[in-house]
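These notes concern the structure reproduced below.
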Amino acid sequence: MAKYVPSKDLEELKPRVGNIIYKLLGYSDPSLVAVIMNCITAGQDKKRMTDKLSTLVDPERAAKLADRVQDLISKSALHKATQSKRNLENGEAEARKKLKEECDGDSVTSQANNLLSPNQIKDMMAKAQKLIEERKKALIANRSSKLAELAKQDPEEKRKRIEQLQAEIQNRVNRGSIKTFQMPKPTAVDKPAPLILDSEGRTVDVTGKEVQLTHVVPTLKANIRARKREVFSQQMHDKQSEDTVESKFFDPRIPTKVNVRTKRSLKFHEPGKFIQLADKMRIKSQLEKLQNEISQIARKTGISSAAKLAQLAPKGEDQTEEIPAMEWWDSVIINADSYENIVDENCAHLIRDHAITHLVEHPIQMKPPTDPLKPIFMPIFLTRAEKKKLRRQNRREAWKEEQEKIRLGLIPAPEPKLRISNLMRVLGTEAVQDPTKMEAHVRAQMAKRQKAHEEANASRKLTAEQKRDKNIRKIKEDTSLGVNVSLYRVSDLSSASKKFKVETNAKQLHMTGGVIMFQDCNVVVVEGGPKQQRKFKRLMLNRIKWEEDTIKSKDGEEVPNKCVLVWEGMTKQRNFGEIRFKACATEKLAREQLKKHGVEQYWDLAYSKTVLDLPDDK
């Protein structure tokens, strides 16, 4: 059982624990001391202390360390018990001495007579025990009263008392009643100069002349400024109090309004604010211009009746369930307030002929959301002969431009292009005079041209990162206007190689989606562009040989595995992230996995086809 150690004794044990660690391990470790002190505070036994120390040192040393610490705690507790016992014995001895003094007369008489009755001995013992108990109670009461007095002292009162004393000392220093002085410079023998005071308490030198001690003045600029600010604020406060007291016509009910100039701060506009205002103004002016043109054209062509019909058309917000007496499209043509006023079947006399024209009002064609914002033009493919011709023309234009610069003196003329084959024709007599030198010159020029050619190729060569980005741009497609989605159903997807092919190809094609694995209905959903879908479709239906694996049907027959394209179409946005596999034990769980992405209808479609295909498998 671990022994409880008071908090007062912990501070005494801490250096002893450090000494034990140093003697046993050969070095001091604060972390070990902290762990041991925590164990002692928590009252843990030797076993638990050993387990905690084993995390920092080896188990053998941890056991030895725990033994030493437990011995130290036991010795400390024994020492405390012995000391308390001694204190108690001293108290009892003092009580016995006092009792002896009080009962000295009785004892002397009894000794003289040498006769003590049993009742007297019993009374004497009872009295001694009573005095001992009273002494113990007095000691305990004295100790508790001292502790109570210490506990009653408020730390706030202590702090206020200290601040008050500091303020009094500072005031005395400021008034000069307490003079600060600087120590005199040490003499040649490095001894301080003696401080000599006369009978009146003034500082004098060896000759008896009075010495004025220098005052310590703050030298730092910050201290000087702080002191000046305190003095100024005190003066202003005193001046205001004097003004308010001495003024005869001061009325505190009238509020004094101080003229304070508010500091104007900078106000920044949001970027693009004035551009938006300008765009709105342009659109508004264009709309007004367009309305004016439409109204003029309507007057010229006689289409004002159609404009009236459009104005009479009710808005979607104002539609009610009430049946009108006359529909809005008939009220313009028929001269009647309601259909009940038309009695004759031949209502030709009620038709307004001027309202009917040869013009037809067509509804405005809405732009499909999947159409691109910019028009797409058909690319032009050139034949091989056309490509050669175009390249030849471009090179001739560049050559002409270079010749023109040489003629104007903007660039120097290039040196003749020498080769071994045209050496004699270009150099002539120079090649005959020193053929070795000319050959070396030609070969150096050829090597220079070769090096320049290779450097140009190297500068145009793409880095590894640029190649990767180029390949990704080739594979990725723009899906901002719509995302192509394909839904596949696989009977069995337990093969690790086929799962790897599906996942790897989807990642290489940068497609998103997910795979739901449930018994004989494994659903594969992939999202991407049309090219990506074509490549993945070829993988799922042609490249992977699903029929190589056989599965057992519900009748126990071996049937080949198969993959079916359940559905393919387009959605507005992507619903999945990177492709992941999810194994589900029940149909409900599988449907919930797709419901998280808002496409639970994919599971309904795939699983219903599985149920419909069951009779065909039998």
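We label chains A, B, ... in the order they appear in the structure tokens, count residues from 1 in each chain, and number ligands from 1 in the order shown.
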
Exercise. If you count only C-alpha atoms, which residues fall within 7 Å of Val526 of chain A, apart from same-chain ones fewer than 4 positions away, as number ranges by chain?
Worked result: A: 485-487, 511-514

Kindly save the residues from that selection, with N, CA and C atoms included, as a compact mmCIF listing (two decimals), in the first residue's frame.
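Output file selection.txt is given in full below:
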# COMPACT_ATOMS: atom_id res chain seq x y z
N VAL A 485 -22.12 10.52 -68.26
CA VAL A 485 -22.17 9.51 -67.21
C VAL A 485 -22.51 8.16 -67.83
N SER A 486 -21.80 7.12 -67.39
CA SER A 486 -22.08 5.75 -67.81
C SER A 486 -22.27 4.88 -66.59
N LEU A 487 -23.25 3.96 -66.68
CA LEU A 487 -23.60 3.08 -65.57
C LEU A 487 -23.47 1.64 -66.05
N MET A 511 -11.07 10.27 -64.64
CA MET A 511 -12.52 10.18 -64.53
C MET A 511 -12.89 10.06 -63.05
N THR A 512 -14.10 10.50 -62.72
CA THR A 512 -14.62 10.39 -61.36
C THR A 512 -15.74 9.35 -61.35
N GLY A 513 -16.05 8.87 -60.16
CA GLY A 513 -17.11 7.88 -60.06
C GLY A 513 -16.97 7.04 -58.81
N GLY A 514 -17.65 5.89 -58.80
CA GLY A 514 -17.61 4.99 -57.66
C GLY A 514 -18.07 3.60 -58.06

For this session: as a ChimeraX atom specification, list the residues of segment 401-616 of chain A assigned to alpha helix (DSSP H) by DSSP on the backbone atoms of this structure.
Result: /A:401-408,423-427,429-433,435-460,464-475,496-508,530-538,587-595,600-616

For this session: Grab the atom CA of Gln44 of chain A to atom CA of Ile73 of chain A distance for me, in Å with one decimal place.
Result: 11.8 Å

Problem set entry | Non-local contacts of Leu589 of chain A (12 Å; only C-alpha atoms; under 5 positions in same chain excluded) as a list of chain:residue names |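 So, after excluding close chain neighbours, the residues are A:Ile516, A:Met517, A:Phe518, A:Lys582, A:Ala583, A:Cys584, A:Leu594, A:Lys595, A:Lys596, A:Glu600, A:Trp603.
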
Problem set entry | Sel. of strand (DSSP E or B) residues, segment 516-566 of chain A, as an MDAnalysis selection string | chainID A and resid 516:517 522:528 550:552 558:560 563:566

Exercise. Do you know which residues are at most 12 Å from Trp567 of chain A counting only C-alpha atoms, after dropping those on the same chain fewer than 2 positions away, and could you put them as a list in words?
Worked result: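 Listed by chain and then number, they are Asn484, Val485, Ser486, Leu487, Tyr488, Arg489, Val523, Val524, Val525, Val526, Lys537, Val564, Leu565, Gly569, Met570, Gln601, Tyr602, Trp603, Asp604, Leu605, Ala606 and Lys609 of chain A.
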
Only N, CA, C and O atoms, please: the residues just picked out, written as an mmCIF file, in the first residue's frame.
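Full text of selection26.cif as output:
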data_model
loop_
_atom_site.group_PDB
_atom_site.id
_atom_site.type_symbol
_atom_site.label_atom_id
_atom_site.label_comp_id
_atom_site.auth_asym_id
_atom_site.auth_seq_id
_atom_site.Cartn_x
_atom_site.Cartn_y
_atom_site.Cartn_z
ATOM 1 N N ASN A 484 -20.718 13.621 -69.077
ATOM 2 C CA ASN A 484 -21.204 12.336 -69.581
ATOM 3 C C ASN A 484 -21.071 11.284 -68.468
ATOM 4 O O ASN A 484 -20.009 11.166 -67.853
ATOM 5 N N VAL A 485 -22.125 10.521 -68.260
ATOM 6 C CA VAL A 485 -22.168 9.510 -67.211
ATOM 7 C C VAL A 485 -22.510 8.163 -67.832
ATOM 8 O O VAL A 485 -23.383 8.080 -68.705
ATOM 9 N N SER A 486 -21.803 7.121 -67.386
ATOM 10 C CA SER A 486 -22.083 5.749 -67.812
ATOM 11 C C SER A 486 -22.270 4.885 -66.585
ATOM 12 O O SER A 486 -21.560 5.035 -65.591
ATOM 13 N N LEU A 487 -23.249 3.962 -66.678
ATOM 14 C CA LEU A 487 -23.598 3.076 -65.573
ATOM 15 C C LEU A 487 -23.466 1.636 -66.048
ATOM 16 O O LEU A 487 -24.149 1.230 -66.994
ATOM 17 N N TYR A 488 -22.566 0.873 -65.415
ATOM 18 C CA TYR A 488 -22.314 -0.525 -65.779
ATOM 19 C C TYR A 488 -22.724 -1.419 -64.621
ATOM 20 O O TYR A 488 -22.606 -1.041 -63.443
ATOM 21 N N ARG A 489 -23.170 -2.634 -64.975
ATOM 22 C CA ARG A 489 -23.531 -3.648 -63.978
ATOM 23 C C ARG A 489 -22.727 -4.913 -64.261
ATOM 24 O O ARG A 489 -22.787 -5.452 -65.379
ATOM 25 N N VAL A 523 -22.271 -2.359 -59.199
ATOM 26 C CA VAL A 523 -22.572 -1.172 -60.015
ATOM 27 C C VAL A 523 -21.308 -0.323 -60.132
ATOM 28 O O VAL A 523 -20.667 -0.012 -59.133
ATOM 29 N N VAL A 524 -20.959 0.038 -61.389
ATOM 30 C CA VAL A 524 -19.806 0.886 -61.682
ATOM 31 C C VAL A 524 -20.316 2.162 -62.320
ATOM 32 O O VAL A 524 -20.956 2.110 -63.387
ATOM 33 N N VAL A 525 -20.074 3.302 -61.680
ATOM 34 C CA VAL A 525 -20.503 4.612 -62.187
ATOM 35 C C VAL A 525 -19.251 5.424 -62.500
ATOM 36 O O VAL A 525 -18.368 5.562 -61.647
ATOM 37 N N VAL A 526 -19.150 5.953 -63.731
ATOM 38 C CA VAL A 526 -18.005 6.776 -64.132
ATOM 39 C C VAL A 526 -18.521 8.051 -64.784
ATOM 40 O O VAL A 526 -19.523 8.047 -65.501
ATOM 41 N N LYS A 537 -15.561 2.671 -72.053
ATOM 42 C CA LYS A 537 -16.577 1.722 -72.532
ATOM 43 C C LYS A 537 -15.919 0.555 -73.270
ATOM 44 O O LYS A 537 -16.316 -0.610 -73.113
ATOM 45 N N VAL A 564 -22.676 -5.440 -68.248
ATOM 46 C CA VAL A 564 -23.731 -4.857 -69.082
ATOM 47 C C VAL A 564 -23.727 -3.349 -68.892
ATOM 48 O O VAL A 564 -23.585 -2.853 -67.760
ATOM 49 N N LEU A 565 -23.854 -2.616 -69.998
ATOM 50 C CA LEU A 565 -24.019 -1.161 -69.949
ATOM 51 C C LEU A 565 -25.493 -0.877 -69.664
ATOM 52 O O LEU A 565 -26.350 -1.077 -70.520
ATOM 53 N N GLY A 569 -25.715 8.771 -70.240
ATOM 54 C CA GLY A 569 -26.374 10.036 -70.516
ATOM 55 C C GLY A 569 -25.529 11.191 -70.021
ATOM 56 O O GLY A 569 -24.312 11.062 -69.844
ATOM 57 N N MET A 570 -26.191 12.327 -69.791
ATOM 58 C CA MET A 570 -25.489 13.538 -69.391
ATOM 59 C C MET A 570 -26.137 14.129 -68.146
ATOM 60 O O MET A 570 -27.356 14.036 -67.967
ATOM 61 N N GLN A 601 -31.058 6.908 -57.828
ATOM 62 C CA GLN A 601 -31.774 6.303 -58.953
ATOM 63 C C GLN A 601 -30.890 5.362 -59.760
ATOM 64 O O GLN A 601 -31.394 4.457 -60.436
ATOM 65 N N TYR A 602 -29.561 5.543 -59.696
ATOM 66 C CA TYR A 602 -28.661 4.615 -60.393
ATOM 67 C C TYR A 602 -28.804 3.199 -59.828
ATOM 68 O O TYR A 602 -28.835 2.221 -60.570
ATOM 69 N N TRP A 603 -28.907 3.095 -58.513
ATOM 70 C CA TRP A 603 -29.060 1.767 -57.905
ATOM 71 C C TRP A 603 -30.406 1.152 -58.268
ATOM 72 O O TRP A 603 -30.501 -0.039 -58.573
ATOM 73 N N ASP A 604 -31.483 1.974 -58.237
ATOM 74 C CA ASP A 604 -32.804 1.443 -58.597
ATOM 75 C C ASP A 604 -32.790 0.903 -60.023
ATOM 76 O O ASP A 604 -33.334 -0.181 -60.303
ATOM 77 N N LEU A 605 -32.156 1.632 -60.937
ATOM 78 C CA LEU A 605 -32.110 1.217 -62.345
ATOM 79 C C LEU A 605 -31.301 -0.064 -62.517
ATOM 80 O O LEU A 605 -31.746 -1.015 -63.185
ATOM 81 N N ALA A 606 -30.115 -0.129 -61.888
ATOM 82 C CA ALA A 606 -29.253 -1.302 -62.061
ATOM 83 C C ALA A 606 -29.841 -2.533 -61.380
ATOM 84 O O ALA A 606 -29.850 -3.634 -61.952
ATOM 85 N N LYS A 609 -32.894 -4.045 -63.218
ATOM 86 C CA LYS A 609 -32.492 -4.838 -64.394
ATOM 87 C C LYS A 609 -31.969 -6.197 -63.955
ATOM 88 O O LYS A 609 -32.165 -7.205 -64.649
#

Seminar exercise, completed: Here atom CA of Ser491 of chain A and atom CA of Asn561 of chain A stand apart by 5.9 Å

For this session: Write out as a VMD selection string the residues lying within 9 Å of Lys501 of chain A, counting only C-alpha atoms and excluding same-chain residues fewer than 5 positions away.
Result: chain A and resid 496 506 539 544

Requested write-out: N, CA, C and O atoms of the selected residues, as a PDB file, in the first residue's frame:
ATOM      1  N   ALA A 496      -9.283  -9.629 -58.240  1.00  0.00           N
ATOM      2  CA  ALA A 496      -8.428  -8.485 -57.898  1.00  0.00           C
ATOM      3  C   ALA A 496      -7.836  -7.836 -59.134  1.00  0.00           C
ATOM      4  O   ALA A 496      -7.690  -6.614 -59.194  1.00  0.00           O
ATOM      5  N   ALA A 506      -9.611   4.236 -64.779  1.00  0.00           N
ATOM      6  CA  ALA A 506     -10.401   5.423 -64.431  1.00  0.00           C
ATOM      7  C   ALA A 506      -9.494   6.557 -63.952  1.00  0.00           C
ATOM      8  O   ALA A 506      -9.716   7.728 -64.291  1.00  0.00           O
ATOM      9  N   LEU A 539     -12.962  -0.531 -72.663  1.00  0.00           N
ATOM     10  CA  LEU A 539     -12.319  -1.347 -71.634  1.00  0.00           C
ATOM     11  C   LEU A 539     -13.317  -2.294 -70.984  1.00  0.00           C
ATOM     12  O   LEU A 539     -13.037  -3.495 -70.844  1.00  0.00           O
ATOM     13  N   ILE A 544     -11.642  -6.174 -71.209  1.00  0.00           N
ATOM     14  CA  ILE A 544     -11.679  -7.088 -70.059  1.00  0.00           C
ATOM     15  C   ILE A 544     -12.533  -8.299 -70.420  1.00  0.00           C
ATOM     16  O   ILE A 544     -13.701  -8.155 -70.812  1.00  0.00           O
TER      17      ILE A 544
END

Problem set entry | Selection: 12 Å around Lys209 of chain A, only C-alpha atoms, excl. self and same-chain fewer than 4 positions, as a ChimeraX atom specification | /A:196-198,202-205

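Distance check against Lys498 of chain A using only C-alpha atoms: of A:Ile475, A:Leu65, A:Asp549, A:Asp520, the minimum falls on A:Asp549.
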
Spatial neighbours of segment 370-382 of chain A, 10 Å, only C-alpha atoms, chain gap at least 5 places, as a short mmCIF file (atom, residue, chain, number, x, y, z; two decimals) with C-alpha atoms, in the first residue's frame:
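around.cif, freshly written:
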data_model
loop_
_atom_site.label_atom_id
_atom_site.label_comp_id
_atom_site.auth_asym_id
_atom_site.auth_seq_id
_atom_site.Cartn_x
_atom_site.Cartn_y
_atom_site.Cartn_z
CA LYS A 387 1.69 21.47 -96.11
CA LYS A 388 4.94 21.38 -98.14
CA LEU A 390 2.93 26.40 -97.16
CA THR A 479 -17.14 19.31 -68.65
CA SER A 480 -18.39 22.78 -67.69
CA LEU A 481 -21.39 22.54 -70.06
CA GLY A 482 -22.30 18.95 -69.17
CA VAL A 483 -20.85 15.69 -67.81
CA MET A 570 -25.49 13.54 -69.39
CA LYS A 572 -25.24 19.10 -65.28
#

Problem set entry | Separation of atom CA of Ala585 of chain A from atom CA of Gly556 of chain A in Å |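 The value is 21.2 Å.
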